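Just work.txt here, compact mmCIF, C-alpha atoms:
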```
# COMPACT_ATOMS: atom_id res chain seq x y z
CA MET A 1 -121.93 148.10 61.36
CA LYS A 2 -119.29 150.43 62.83
CA LYS A 3 -115.67 149.24 62.81
CA VAL A 4 -113.50 149.32 65.93
CA CYS A 5 -109.82 148.43 66.08
CA HIS A 6 -107.78 147.43 69.13
CA ILE A 7 -104.00 147.79 68.79
CA THR A 8 -101.17 146.33 70.86
CA SER A 9 -97.42 146.36 70.41
CA ALA A 10 -96.62 144.11 73.38
CA HIS A 11 -99.51 141.79 74.27
CA LYS A 12 -100.48 138.40 72.81
CA PHE A 13 -103.46 137.72 70.58
CA ASP A 14 -105.37 135.96 73.38
CA ASP A 15 -104.67 138.58 76.07
CA ILE A 16 -107.29 138.34 78.80
CA ARG A 17 -108.21 142.03 79.00
CA ILE A 18 -107.86 142.93 75.33
CA PHE A 19 -109.17 139.86 73.53
CA GLN A 20 -111.03 137.70 76.04
CA LYS A 21 -112.90 140.63 77.59
CA GLU A 22 -112.97 143.82 75.56
CA CYS A 23 -112.82 142.54 71.97
CA LYS A 24 -115.25 139.66 72.53
CA SER A 25 -117.67 141.92 74.37
CA LEU A 26 -117.58 144.60 71.68
CA SER A 27 -118.10 142.03 68.91
CA LYS A 28 -121.75 141.81 69.99
CA ASP A 29 -122.37 145.34 68.66
CA PHE A 30 -119.46 146.22 66.38
CA GLU A 31 -117.17 144.84 63.69
CA VAL A 32 -114.05 144.24 65.79
CA HIS A 33 -110.47 144.15 64.53
CA TYR A 34 -107.40 143.44 66.67
CA VAL A 35 -103.89 144.28 65.44
CA VAL A 36 -101.23 142.29 67.27
CA PRO A 37 -97.53 141.62 66.55
CA ASN A 38 -96.21 138.19 65.66
CA SER A 39 -99.52 136.36 65.52
CA ASP A 40 -101.41 134.53 62.79
CA SER A 41 -104.12 136.48 61.04
CA GLN A 42 -107.40 134.72 61.77
CA VAL A 43 -110.98 135.19 62.90
CA ILE A 44 -111.80 133.96 66.42
CA GLU A 45 -115.29 134.38 67.87
CA ASN A 46 -116.16 137.21 65.46
CA VAL A 47 -112.92 139.10 66.20
CA GLN A 48 -110.71 139.68 63.14
CA ILE A 49 -107.09 139.32 64.29
CA HIS A 50 -104.48 141.02 62.12
CA GLY A 51 -101.06 139.49 62.72
CA VAL A 52 -98.12 141.82 62.05
CA LYS A 53 -94.59 140.49 61.72
CA SER A 54 -92.18 142.40 63.94
CA ILE A 55 -89.17 140.50 65.21
CA VAL A 56 -87.22 142.91 67.41
CA GLY A 57 -84.35 142.53 69.84
CA GLY A 58 -85.33 144.75 72.73
CA ARG A 59 -87.61 147.43 74.16
CA THR A 60 -86.16 150.30 72.13
CA GLN A 61 -86.66 148.49 68.83
CA ARG A 62 -90.20 147.55 69.89
CA PHE A 63 -90.99 151.18 70.60
CA ILE A 64 -89.93 152.11 67.06
CA LYS A 65 -90.32 149.18 64.66
CA THR A 66 -93.29 147.38 66.21
CA VAL A 67 -95.21 150.61 66.80
CA GLN A 68 -94.76 151.59 63.16
CA ALA A 69 -95.75 148.10 61.96
CA VAL A 70 -99.00 147.98 63.91
CA TYR A 71 -99.80 151.58 62.90
CA THR A 72 -99.44 150.75 59.21
CA GLU A 73 -101.75 147.75 59.52
CA ALA A 74 -104.28 149.55 61.70
CA LYS A 75 -104.60 152.46 59.30
CA LYS A 76 -105.63 150.07 56.50
CA ILE A 77 -108.66 148.96 58.53
CA GLU A 78 -110.25 152.43 58.40
CA ALA A 79 -111.94 151.97 61.75
CA ASP A 80 -114.35 154.40 63.40
CA ILE A 81 -112.64 153.93 66.78
CA TYR A 82 -109.04 152.98 67.53
CA HIS A 83 -108.31 151.60 71.02
CA LEU A 84 -104.64 151.70 72.09
CA HIS A 85 -103.31 149.32 74.74
CA ASP A 86 -99.63 150.17 75.33
CA PRO A 87 -97.87 153.35 76.49
CA GLU A 88 -95.59 153.44 73.44
CA LEU A 89 -98.66 153.56 71.19
CA LEU A 90 -99.26 157.11 72.38
CA LEU A 91 -96.49 157.92 69.88
CA ILE A 92 -98.96 157.24 67.04
CA ALA A 93 -102.18 158.38 68.72
CA MET A 94 -102.37 161.85 67.19
CA LYS A 95 -101.20 160.57 63.80
CA LEU A 96 -104.10 158.09 63.83
CA LYS A 97 -106.54 160.88 64.62
CA ARG A 98 -105.19 163.17 61.90
CA ASN A 99 -104.85 160.57 59.16
CA THR A 100 -108.08 158.62 59.72
CA GLY A 101 -110.50 161.06 61.33
CA ALA A 102 -111.41 158.30 63.80
CA LYS A 103 -111.96 158.48 67.54
CA VAL A 104 -108.92 157.35 69.56
CA ILE A 105 -109.00 155.82 73.06
CA PHE A 106 -106.04 155.08 75.32
CA ASP A 107 -106.44 152.12 77.68
CA SER A 108 -104.03 152.57 80.60
CA HIS A 109 -103.67 149.07 82.04
CA GLU A 110 -101.40 150.34 84.83
CA ASP A 111 -100.21 153.55 86.46
CA VAL A 112 -97.13 153.75 84.25
CA PRO A 113 -95.33 156.67 85.97
CA LYS A 114 -95.48 154.80 89.29
CA GLN A 115 -94.68 151.49 87.64
CA ILE A 116 -91.49 153.00 86.21
CA MET A 117 -90.38 153.77 89.76
CA ASP A 118 -90.56 150.01 90.52
CA LYS A 119 -88.76 148.74 87.39
CA TYR A 120 -85.78 146.68 88.55
CA TRP A 121 -84.06 146.91 85.14
CA ILE A 122 -83.95 150.72 85.26
CA PRO A 123 -81.08 152.05 87.43
CA LYS A 124 -82.59 153.80 90.46
CA ILE A 125 -80.73 157.02 89.70
CA PHE A 126 -82.69 157.40 86.45
CA ARG A 127 -86.17 156.23 87.52
CA GLN A 128 -87.54 159.53 88.78
CA ILE A 129 -86.56 161.56 85.73
CA ILE A 130 -87.85 158.84 83.35
CA SER A 131 -91.10 158.61 85.29
CA LYS A 132 -91.65 162.36 85.19
CA THR A 133 -90.72 162.62 81.52
CA TYR A 134 -93.18 159.89 80.61
CA GLU A 135 -95.93 161.42 82.76
CA ASN A 136 -95.55 164.76 81.00
CA PHE A 137 -95.64 163.07 77.58
CA GLU A 138 -98.66 160.96 78.55
CA SER A 139 -100.56 164.02 79.80
CA ARG A 140 -99.79 166.04 76.67
CA ILE A 141 -101.18 163.32 74.39
CA CYS A 142 -104.07 162.04 76.50
CA LYS A 143 -105.64 165.47 76.95
CA LYS A 144 -106.18 165.51 73.16
CA LEU A 145 -107.68 162.02 72.87
CA ASP A 146 -111.39 161.25 72.67
CA ALA A 147 -111.37 159.11 75.81
CA VAL A 148 -109.13 157.42 78.35
CA ILE A 149 -109.92 154.10 80.02
CA SER A 150 -108.19 152.66 83.06
CA VAL A 151 -108.49 149.93 85.66
CA THR A 152 -108.68 151.57 89.10
CA PRO A 153 -110.34 154.68 90.57
CA ILE A 154 -106.97 156.17 91.51
CA ILE A 155 -105.59 156.02 87.97
CA CYS A 156 -108.87 157.32 86.54
CA ASN A 157 -108.79 160.29 88.91
CA ARG A 158 -105.35 161.21 87.61
CA PHE A 159 -106.54 161.18 84.00
CA SER A 160 -109.74 163.08 84.86
CA ALA A 161 -107.60 166.12 85.58
CA ILE A 162 -106.62 166.32 81.90
CA ASN A 163 -109.48 164.67 79.98
CA SER A 164 -113.23 164.99 80.52
CA GLU A 165 -114.01 161.55 79.06
CA VAL A 166 -112.50 159.00 81.46
CA GLU A 167 -114.09 155.63 82.21
CA LEU A 168 -113.21 153.00 84.81
CA ILE A 169 -113.21 149.57 83.14
CA ALA A 170 -111.86 147.22 85.79
CA ASN A 171 -110.35 143.78 85.17
CA PHE A 172 -113.05 141.94 87.06
CA PRO A 173 -113.64 138.23 86.30
CA ASP A 174 -115.97 136.95 83.65
CA LEU A 175 -118.52 134.86 85.55
CA ASN A 176 -118.72 132.28 82.77
CA GLU A 177 -114.97 131.76 82.39
CA LEU A 178 -114.35 130.30 85.84
CA ASN A 179 -117.73 128.54 85.83
CA VAL A 180 -118.04 129.43 89.49
CA GLU A 181 -121.16 127.36 90.09
CA SER A 182 -119.16 124.14 89.61
CA ILE A 183 -116.53 124.96 92.24
CA SER A 184 -117.78 123.89 95.65
CA ALA A 185 -116.10 123.75 99.04
CA THR A 186 -116.55 119.97 99.18
CA ASN A 187 -113.99 119.51 96.38
CA LYS A 188 -111.22 121.32 98.21
CA ASP A 189 -108.27 119.99 100.18
CA PRO A 190 -108.63 121.69 103.59
CA ARG A 191 -104.82 122.13 103.89
CA ALA A 192 -104.21 123.33 100.31
CA ILE A 193 -103.33 126.94 99.52
CA CYS A 194 -102.46 128.44 96.14
CA TYR A 195 -100.73 131.22 94.26
CA VAL A 196 -100.88 131.59 90.48
CA GLY A 197 -99.05 134.42 88.72
CA ALA A 198 -95.71 136.03 88.04
CA LEU A 199 -92.97 134.74 90.36
CA PHE A 200 -91.04 137.92 91.14
CA PRO A 201 -89.53 139.02 94.45
CA SER A 202 -92.04 141.89 94.62
CA ARG A 203 -94.92 139.40 94.44
CA GLY A 204 -94.03 138.10 97.91
CA ILE A 205 -93.01 134.64 96.73
CA LYS A 206 -89.91 134.33 98.92
CA GLU A 207 -91.82 135.43 102.05
CA LEU A 208 -94.55 132.91 101.26
CA ILE A 209 -92.11 130.00 100.97
CA LEU A 210 -90.37 131.09 104.20
CA ALA A 211 -93.75 131.17 105.95
CA LEU A 212 -94.47 127.61 104.79
CA GLU A 213 -91.70 126.35 107.06
CA SER A 214 -94.06 127.02 110.00
CA CYS A 215 -97.28 125.92 108.30
CA ASN A 216 -99.20 122.68 108.04
CA ALA A 217 -100.10 123.36 104.42
CA CYS A 218 -99.40 122.42 100.81
CA LEU A 219 -98.87 125.28 98.37
CA HIS A 220 -100.06 124.79 94.78
CA LEU A 221 -97.81 127.22 92.91
CA ALA A 222 -97.90 128.12 89.21
CA GLY A 223 -96.15 130.73 87.11
CA THR A 224 -92.78 131.68 85.65
CA PHE A 225 -89.84 132.83 87.77
CA MET A 226 -88.30 136.21 87.00
CA ASN A 227 -84.92 134.60 86.33
CA ASP A 228 -82.90 131.47 87.05
CA GLU A 229 -81.11 133.05 89.99
CA PHE A 230 -84.32 133.88 91.84
CA GLU A 231 -85.74 130.44 91.05
CA ARG A 232 -82.70 128.73 92.57
CA GLU A 233 -82.91 130.94 95.66
CA VAL A 234 -86.57 130.16 96.28
CA LYS A 235 -86.23 126.44 95.62
CA SER A 236 -83.33 126.22 98.11
CA LEU A 237 -85.60 127.29 101.00
CA LYS A 238 -86.86 124.65 103.44
CA GLY A 239 -90.46 125.57 102.77
CA TRP A 240 -90.12 124.42 99.15
CA ASP A 241 -90.68 120.85 100.37
CA LYS A 242 -94.33 121.85 100.89
CA VAL A 243 -94.76 123.18 97.34
CA LYS A 244 -96.36 121.50 94.35
CA PHE A 245 -94.98 123.49 91.41
CA TYR A 246 -96.75 123.48 88.03
CA GLY A 247 -94.73 126.03 86.04
CA GLN A 248 -96.63 128.09 83.47
CA ILE A 249 -100.24 126.91 83.00
CA ASP A 250 -103.27 127.88 80.94
CA ARG A 251 -106.68 129.04 82.15
CA ASN A 252 -107.96 125.49 82.58
CA GLY A 253 -104.92 124.72 84.70
CA ILE A 254 -105.69 127.74 86.89
CA LYS A 255 -109.25 126.54 87.37
CA ASN A 256 -107.99 123.08 88.34
CA ILE A 257 -105.73 124.58 91.03
CA PHE A 258 -108.60 126.70 92.37
CA GLU A 259 -110.81 123.63 92.60
CA LYS A 260 -108.25 121.94 94.86
CA SER A 261 -107.41 124.89 97.07
CA ASN A 262 -109.03 126.22 100.21
CA LEU A 263 -107.08 129.47 100.44
CA GLY A 264 -105.48 131.87 97.96
CA ILE A 265 -102.45 134.11 98.49
CA VAL A 266 -101.99 137.59 97.05
CA THR A 267 -99.34 139.19 99.29
CA LEU A 268 -97.65 141.64 96.94
CA HIS A 269 -95.00 143.99 98.27
CA PRO A 270 -95.96 147.61 99.08
CA THR A 271 -94.62 149.16 95.87
CA LEU A 272 -96.11 152.36 94.47
CA SER A 273 -97.83 150.56 91.59
CA TYR A 274 -99.17 147.57 93.54
CA MET A 275 -100.66 149.64 96.36
CA GLU A 276 -102.95 151.48 93.95
CA ALA A 277 -103.88 148.54 91.70
CA TYR A 278 -106.77 146.11 91.76
CA PRO A 279 -105.09 142.67 91.86
CA ILE A 280 -106.80 140.48 89.27
CA LYS A 281 -105.86 137.38 91.24
CA MET A 282 -107.79 138.52 94.31
CA PHE A 283 -110.99 138.83 92.31
CA GLU A 284 -110.38 135.47 90.64
CA TYR A 285 -110.07 133.84 94.06
CA MET A 286 -113.37 135.45 94.99
CA ALA A 287 -115.03 134.24 91.77
CA ALA A 288 -113.86 130.70 92.51
CA GLY A 289 -115.26 130.81 96.05
CA ILE A 290 -111.83 130.84 97.71
CA SER A 291 -110.99 132.92 100.76
CA PHE A 292 -107.59 134.58 100.56
CA ILE A 293 -104.82 136.42 102.38
CA ALA A 294 -104.00 139.81 100.86
CA SER A 295 -101.56 142.62 101.51
CA ASP A 296 -102.96 145.21 103.87
CA PHE A 297 -103.22 148.11 101.42
CA PRO A 298 -105.97 150.75 101.85
CA LEU A 299 -107.58 150.09 98.44
CA TRP A 300 -107.66 146.33 99.06
CA ARG A 301 -108.66 146.67 102.72
CA ASN A 302 -111.90 148.38 101.76
CA ILE A 303 -112.99 145.39 99.63
CA VAL A 304 -111.83 142.67 102.02
CA THR A 305 -113.40 144.17 105.15
CA SER A 306 -116.65 145.36 103.59
CA HIS A 307 -117.36 141.92 102.11
CA ASN A 308 -115.67 139.74 104.78
CA CYS A 309 -114.08 137.65 102.06
CA GLY A 310 -110.49 137.21 103.32
CA GLU A 311 -107.79 138.36 105.73
CA LEU A 312 -105.11 141.07 105.55
CA VAL A 313 -101.43 140.93 106.48
CA ASP A 314 -98.20 142.90 106.28
CA PRO A 315 -96.70 141.11 103.23
CA LEU A 316 -93.15 141.52 104.56
CA ASP A 317 -93.92 139.92 107.94
CA VAL A 318 -93.16 136.21 107.45
CA SER A 319 -94.19 135.25 110.97
CA ALA A 320 -97.56 137.01 110.69
CA LEU A 321 -98.21 135.40 107.31
CA ALA A 322 -97.49 131.91 108.67
CA SER A 323 -99.75 132.55 111.66
CA ILE A 324 -102.68 133.68 109.50
CA ILE A 325 -102.28 130.73 107.09
CA ASN A 326 -102.42 128.26 110.01
CA ARG A 327 -105.35 130.02 111.65
CA MET A 328 -107.42 130.20 108.49
CA LEU A 329 -106.82 126.55 107.65
CA ASP A 330 -107.68 125.54 111.21
CA GLU A 331 -110.84 127.67 111.22
CA ASN A 332 -112.14 125.87 108.16
CA GLU A 333 -115.83 126.80 108.49
CA LYS A 334 -115.04 130.51 108.76
CA THR A 335 -112.66 130.31 105.80
CA ILE A 336 -115.26 128.53 103.68
CA GLN A 337 -117.84 131.20 104.55
CA GLN A 338 -115.41 133.94 103.52
CA GLY A 339 -115.07 132.19 100.17
CA ILE A 340 -118.84 132.14 99.79
CA ASN A 341 -119.00 135.84 100.70
CA GLY A 342 -116.40 136.66 98.06
CA LYS A 343 -118.25 134.72 95.39
CA GLN A 344 -121.46 136.56 96.21
CA ALA A 345 -119.64 139.90 95.93
CA ILE A 346 -118.36 138.95 92.48
CA GLU A 347 -121.81 137.94 91.29
CA ALA A 348 -123.35 141.14 92.63
CA GLU A 349 -120.69 143.74 91.86
CA PHE A 350 -117.16 142.84 90.80
CA ASN A 351 -117.79 141.10 87.46
CA TRP A 352 -116.94 141.71 83.82
CA GLU A 353 -120.59 141.72 82.81
CA HIS A 354 -120.99 145.08 84.56
CA GLU A 355 -117.78 146.47 83.04
CA GLU A 356 -118.81 145.28 79.57
CA GLN A 357 -121.89 147.49 79.60
CA LYS A 358 -119.84 150.54 80.57
CA LEU A 359 -117.41 149.86 77.71
CA ILE A 360 -120.16 149.48 75.11
CA GLN A 361 -121.93 152.63 76.30
CA LEU A 362 -118.68 154.62 76.04
CA TYR A 363 -118.21 153.47 72.44
CA LEU A 364 -121.79 154.38 71.52
CA LYS A 365 -121.38 157.80 73.12
CA LEU A 366 -118.16 158.53 71.20
CA LEU A 367 -119.71 157.48 67.90
CA LYS A 368 -122.56 159.97 68.38
CA GLN A 369 -120.18 162.90 68.84
```
If you convert what's in this file into structure tokens, what do you get?
Amino acid sequence: MKKVCHITSAHKFDDIRIFQKECKSLSKDFEVHYVVPNSDSQVIENVQIHGVKSIVGGRTQRFIKTVQAVYTEAKKIEADIYHLHDPELLLIAMKLKRNTGAKVIFDSHEDVPKQIMDKYWIPKIFRQIISKTYENFESRICKKLDAVISVTPIICNRFSAINSEVELIANFPDLNELNVESISATNKDPRAICYVGALFPSRGIKELILALESCNACLHLAGTFMNDEFEREVKSLKGWDKVKFYGQIDRNGIKNIFEKSNLGIVTLHPTLSYMEAYPIKMFEYMAAGISFIASDFPLWRNIVTSHNCGELVDPLDVSALASIINRMLDENEKTIQQGINGKQAIEAEFNWEHEEQKLIQLYLKLLKQ
């Protein structure tokens, strides 16, 4: 059986895309290894996890020490395919190819050059030059790799200009994980809405809480705030009285919130990276049979309107957001039907089972070359 090895320098051992989807799917046809920093070495569901100790104090040290640590471990595995999951791992991509003779794939989870332009911790004066420098480096390496994988058509189109072997493997939901058949509209609170995810200003959290002041609704909110200052600011708003806050929760906790809720929120700000990304949360709402309110971005608009599974809004317009929340909760039958439409779209098209087959076929194709 051919060996494949996934490598990360930044993600956790149970990462949804890397472990829960890609590694577990590939384990049906290959011997799968997963090298991950600061985890226990163990075998979970036929995936051999190789924990690498790498205690570092910041991003720069991670780029150097952790990258070297995972490279050293990965090389020992002598895999037929190495699958890289972080931008800094491009630093070892060509060394892996030269020293092992294996095929090497880069999995671009995000449009990194555009994401750099949105990084709050990088001074604005430096963002453009850092973004361009990284893009040039990424292009130089990726044109020499055996394949590039990414998560949206827009990112894949960018890589197709430099590499002939590019595959779209989207982060669509696994139908079995959310157990969508068990989530019915009769279980939902007709005035409950939800948001689960990172609690950053750019995720539209402040605008959502401001909108709640004018809504007859209860928000089930879960996630971790960016910092204490932003958490205090949001919790000081009047709309916080209508929030049930859970903090950080696991996948079962997410499912429990979805079962209670009649409407999901995914009103991210119009940043360069968000506007061209598929929001995982939107597809999870659809899988759970929940209608949703999403930012009116062209990529998202095409899905929402073609499947009639939610409503669109300017994410910065608090008044418009409040109005749509009230209308959708009042028009309960229409909202329920949109949830049903979204669930049907997931089952027919936007699911991991379809993406899994594309991933396996790519691996088989590379191994024949």
Expected residue set, 12 Å radius at (-98.1, 154.5, 71.7), only C-alpha atoms, as a PDB file with C-alpha atoms, in the coordinates of the input:
```
ATOM      1  CA  ILE A   7    -104.000 147.790  68.790  1.00  0.00           C
ATOM      2  CA  THR A   8    -101.170 146.330  70.860  1.00  0.00           C
ATOM      3  CA  SER A   9     -97.420 146.360  70.410  1.00  0.00           C
ATOM      4  CA  ALA A  10     -96.620 144.110  73.380  1.00  0.00           C
ATOM      5  CA  ARG A  62     -90.200 147.550  69.890  1.00  0.00           C
ATOM      6  CA  PHE A  63     -90.990 151.180  70.600  1.00  0.00           C
ATOM      7  CA  ILE A  64     -89.930 152.110  67.060  1.00  0.00           C
ATOM      8  CA  LYS A  65     -90.320 149.180  64.660  1.00  0.00           C
ATOM      9  CA  THR A  66     -93.290 147.380  66.210  1.00  0.00           C
ATOM     10  CA  VAL A  67     -95.210 150.610  66.800  1.00  0.00           C
ATOM     11  CA  GLN A  68     -94.760 151.590  63.160  1.00  0.00           C
ATOM     12  CA  ALA A  69     -95.750 148.100  61.960  1.00  0.00           C
ATOM     13  CA  VAL A  70     -99.000 147.980  63.910  1.00  0.00           C
ATOM     14  CA  TYR A  71     -99.800 151.580  62.900  1.00  0.00           C
ATOM     15  CA  TYR A  82    -109.040 152.980  67.530  1.00  0.00           C
ATOM     16  CA  HIS A  83    -108.310 151.600  71.020  1.00  0.00           C
ATOM     17  CA  LEU A  84    -104.640 151.700  72.090  1.00  0.00           C
ATOM     18  CA  HIS A  85    -103.310 149.320  74.740  1.00  0.00           C
ATOM     19  CA  ASP A  86     -99.630 150.170  75.330  1.00  0.00           C
ATOM     20  CA  PRO A  87     -97.870 153.350  76.490  1.00  0.00           C
ATOM     21  CA  GLU A  88     -95.590 153.440  73.440  1.00  0.00           C
ATOM     22  CA  LEU A  89     -98.660 153.560  71.190  1.00  0.00           C
ATOM     23  CA  LEU A  90     -99.260 157.110  72.380  1.00  0.00           C
ATOM     24  CA  LEU A  91     -96.490 157.920  69.880  1.00  0.00           C
ATOM     25  CA  ILE A  92     -98.960 157.240  67.040  1.00  0.00           C
ATOM     26  CA  ALA A  93    -102.180 158.380  68.720  1.00  0.00           C
ATOM     27  CA  MET A  94    -102.370 161.850  67.190  1.00  0.00           C
ATOM     28  CA  LYS A  95    -101.200 160.570  63.800  1.00  0.00           C
ATOM     29  CA  LEU A  96    -104.100 158.090  63.830  1.00  0.00           C
ATOM     30  CA  VAL A 104    -108.920 157.350  69.560  1.00  0.00           C
ATOM     31  CA  ILE A 105    -109.000 155.820  73.060  1.00  0.00           C
ATOM     32  CA  PHE A 106    -106.040 155.080  75.320  1.00  0.00           C
ATOM     33  CA  ASP A 107    -106.440 152.120  77.680  1.00  0.00           C
ATOM     34  CA  SER A 108    -104.030 152.570  80.600  1.00  0.00           C
ATOM     35  CA  TYR A 134     -93.180 159.890  80.610  1.00  0.00           C
ATOM     36  CA  PHE A 137     -95.640 163.070  77.580  1.00  0.00           C
ATOM     37  CA  GLU A 138     -98.660 160.960  78.550  1.00  0.00           C
ATOM     38  CA  ILE A 141    -101.180 163.320  74.390  1.00  0.00           C
ATOM     39  CA  CYS A 142    -104.070 162.040  76.500  1.00  0.00           C
TER      40      CYS A 142
END
```
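Atom pair atom CA of A:Ser25 / atom CA of A:Ala348 has a distance of 19.1 Å (rounded to one decimal).
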For atom CA of A:Ser306 and atom CA of A:Val112, determine how far apart the two atoms are, in Å to one decimal place.
28.7 Å
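Counting all atoms listed in the file and comparing A:Gly253, A:Gly339, A:Pro173, A:Gly223, the residue that lies closest to A:Glu284 is A:Pro173.
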Let me have the centre and edge lengths in Å, one decimal, of the box along x, y and z around every listed atom of stretch 204-223 of chain A with 5 Å of margin on each side, as AutoDock Vina command-line options.
```
--center_x -95.0 --center_y 130.3 --center_z 98.6 --size_x 20.2 --size_y 25.7 --size_z 32.9
```
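Across the model, the gap from atom CA of A:Val304 to atom CA of A:Arg158 is 24.4 Å.
The closest residue to A:Cys156, picked from A:Lys144, A:Tyr285, A:His109, A:Asp296 and counting only C-alpha atoms, is A:His109.
Neighbourhood of point (-100.4, 150.3, 87.3): residues with an atom at most 6 Å away, counting all atoms listed in the file, are Glu110, Asp111, Val112, Gln115, Ser273 and Ala277 of chain A.
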Generate the coordinates of N, CA and C atoms for stretch 339-360 of chain A; report them as a PDB file, in the frame of the given file.
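Final output, out.pdb:
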```
ATOM      1  N   GLY A 339    -115.065 132.498 101.594  1.00  0.00           N
ATOM      2  CA  GLY A 339    -115.070 132.190 100.170  1.00  0.00           C
ATOM      3  C   GLY A 339    -116.441 132.383  99.556  1.00  0.00           C
ATOM      4  N   ILE A 340    -117.464 131.961 100.264  1.00  0.00           N
ATOM      5  CA  ILE A 340    -118.840 132.140  99.790  1.00  0.00           C
ATOM      6  C   ILE A 340    -119.178 133.627  99.698  1.00  0.00           C
ATOM      7  N   ASN A 341    -118.751 134.395 100.709  1.00  0.00           N
ATOM      8  CA  ASN A 341    -119.000 135.840 100.700  1.00  0.00           C
ATOM      9  C   ASN A 341    -118.342 136.508  99.479  1.00  0.00           C
ATOM     10  N   GLY A 342    -117.108 136.092  99.193  1.00  0.00           N
ATOM     11  CA  GLY A 342    -116.400 136.660  98.060  1.00  0.00           C
ATOM     12  C   GLY A 342    -117.085 136.341  96.741  1.00  0.00           C
ATOM     13  N   LYS A 343    -117.550 135.125  96.609  1.00  0.00           N
ATOM     14  CA  LYS A 343    -118.250 134.720  95.390  1.00  0.00           C
ATOM     15  C   LYS A 343    -119.526 135.530  95.202  1.00  0.00           C
ATOM     16  N   GLN A 344    -120.250 135.761  96.282  1.00  0.00           N
ATOM     17  CA  GLN A 344    -121.460 136.560  96.210  1.00  0.00           C
ATOM     18  C   GLN A 344    -121.153 138.003  95.804  1.00  0.00           C
ATOM     19  N   ALA A 345    -120.025 138.538  96.291  1.00  0.00           N
ATOM     20  CA  ALA A 345    -119.640 139.900  95.930  1.00  0.00           C
ATOM     21  C   ALA A 345    -119.297 140.006  94.440  1.00  0.00           C
ATOM     22  N   ILE A 346    -118.659 138.969  93.909  1.00  0.00           N
ATOM     23  CA  ILE A 346    -118.360 138.950  92.480  1.00  0.00           C
ATOM     24  C   ILE A 346    -119.644 138.929  91.669  1.00  0.00           C
ATOM     25  N   GLU A 347    -120.560 138.063  92.038  1.00  0.00           N
ATOM     26  CA  GLU A 347    -121.810 137.940  91.290  1.00  0.00           C
ATOM     27  C   GLU A 347    -122.641 139.211  91.349  1.00  0.00           C
ATOM     28  N   ALA A 348    -122.542 139.943  92.461  1.00  0.00           N
ATOM     29  CA  ALA A 348    -123.350 141.140  92.630  1.00  0.00           C
ATOM     30  C   ALA A 348    -122.693 142.400  92.076  1.00  0.00           C
ATOM     31  N   GLU A 349    -121.359 142.460  92.126  1.00  0.00           N
ATOM     32  CA  GLU A 349    -120.690 143.740  91.860  1.00  0.00           C
ATOM     33  C   GLU A 349    -119.433 143.646  91.028  1.00  0.00           C
ATOM     34  N   PHE A 350    -118.491 142.806  91.402  1.00  0.00           N
ATOM     35  CA  PHE A 350    -117.160 142.840  90.800  1.00  0.00           C
ATOM     36  C   PHE A 350    -117.050 141.849  89.635  1.00  0.00           C
ATOM     37  N   ASN A 351    -117.823 142.043  88.574  1.00  0.00           N
ATOM     38  CA  ASN A 351    -117.790 141.100  87.460  1.00  0.00           C
ATOM     39  C   ASN A 351    -117.675 141.833  86.126  1.00  0.00           C
ATOM     40  N   TRP A 352    -117.153 141.109  85.129  1.00  0.00           N
ATOM     41  CA  TRP A 352    -116.940 141.710  83.820  1.00  0.00           C
ATOM     42  C   TRP A 352    -118.254 142.100  83.145  1.00  0.00           C
ATOM     43  N   GLU A 353    -119.316 141.401  83.426  1.00  0.00           N
ATOM     44  CA  GLU A 353    -120.590 141.720  82.810  1.00  0.00           C
ATOM     45  C   GLU A 353    -120.994 143.171  83.064  1.00  0.00           C
ATOM     46  N   HIS A 354    -120.720 143.681  84.261  1.00  0.00           N
ATOM     47  CA  HIS A 354    -120.990 145.080  84.560  1.00  0.00           C
ATOM     48  C   HIS A 354    -120.048 146.005  83.785  1.00  0.00           C
ATOM     49  N   GLU A 355    -118.776 145.639  83.727  1.00  0.00           N
ATOM     50  CA  GLU A 355    -117.780 146.470  83.040  1.00  0.00           C
ATOM     51  C   GLU A 355    -118.047 146.496  81.539  1.00  0.00           C
ATOM     52  N   GLU A 356    -118.499 145.383  80.999  1.00  0.00           N
ATOM     53  CA  GLU A 356    -118.810 145.280  79.570  1.00  0.00           C
ATOM     54  C   GLU A 356    -119.822 146.333  79.146  1.00  0.00           C
ATOM     55  N   GLN A 357    -120.857 146.513  79.946  1.00  0.00           N
ATOM     56  CA  GLN A 357    -121.890 147.490  79.600  1.00  0.00           C
ATOM     57  C   GLN A 357    -121.337 148.907  79.601  1.00  0.00           C
ATOM     58  N   LYS A 358    -120.439 149.210  80.536  1.00  0.00           N
ATOM     59  CA  LYS A 358    -119.840 150.540  80.570  1.00  0.00           C
ATOM     60  C   LYS A 358    -118.984 150.783  79.319  1.00  0.00           C
ATOM     61  N   LEU A 359    -118.253 149.741  78.890  1.00  0.00           N
ATOM     62  CA  LEU A 359    -117.410 149.860  77.710  1.00  0.00           C
ATOM     63  C   LEU A 359    -118.248 150.098  76.459  1.00  0.00           C
ATOM     64  N   ILE A 360    -119.297 149.331  76.289  1.00  0.00           N
ATOM     65  CA  ILE A 360    -120.160 149.480  75.110  1.00  0.00           C
ATOM     66  C   ILE A 360    -120.811 150.860  75.089  1.00  0.00           C
TER      67      ILE A 360
END
```
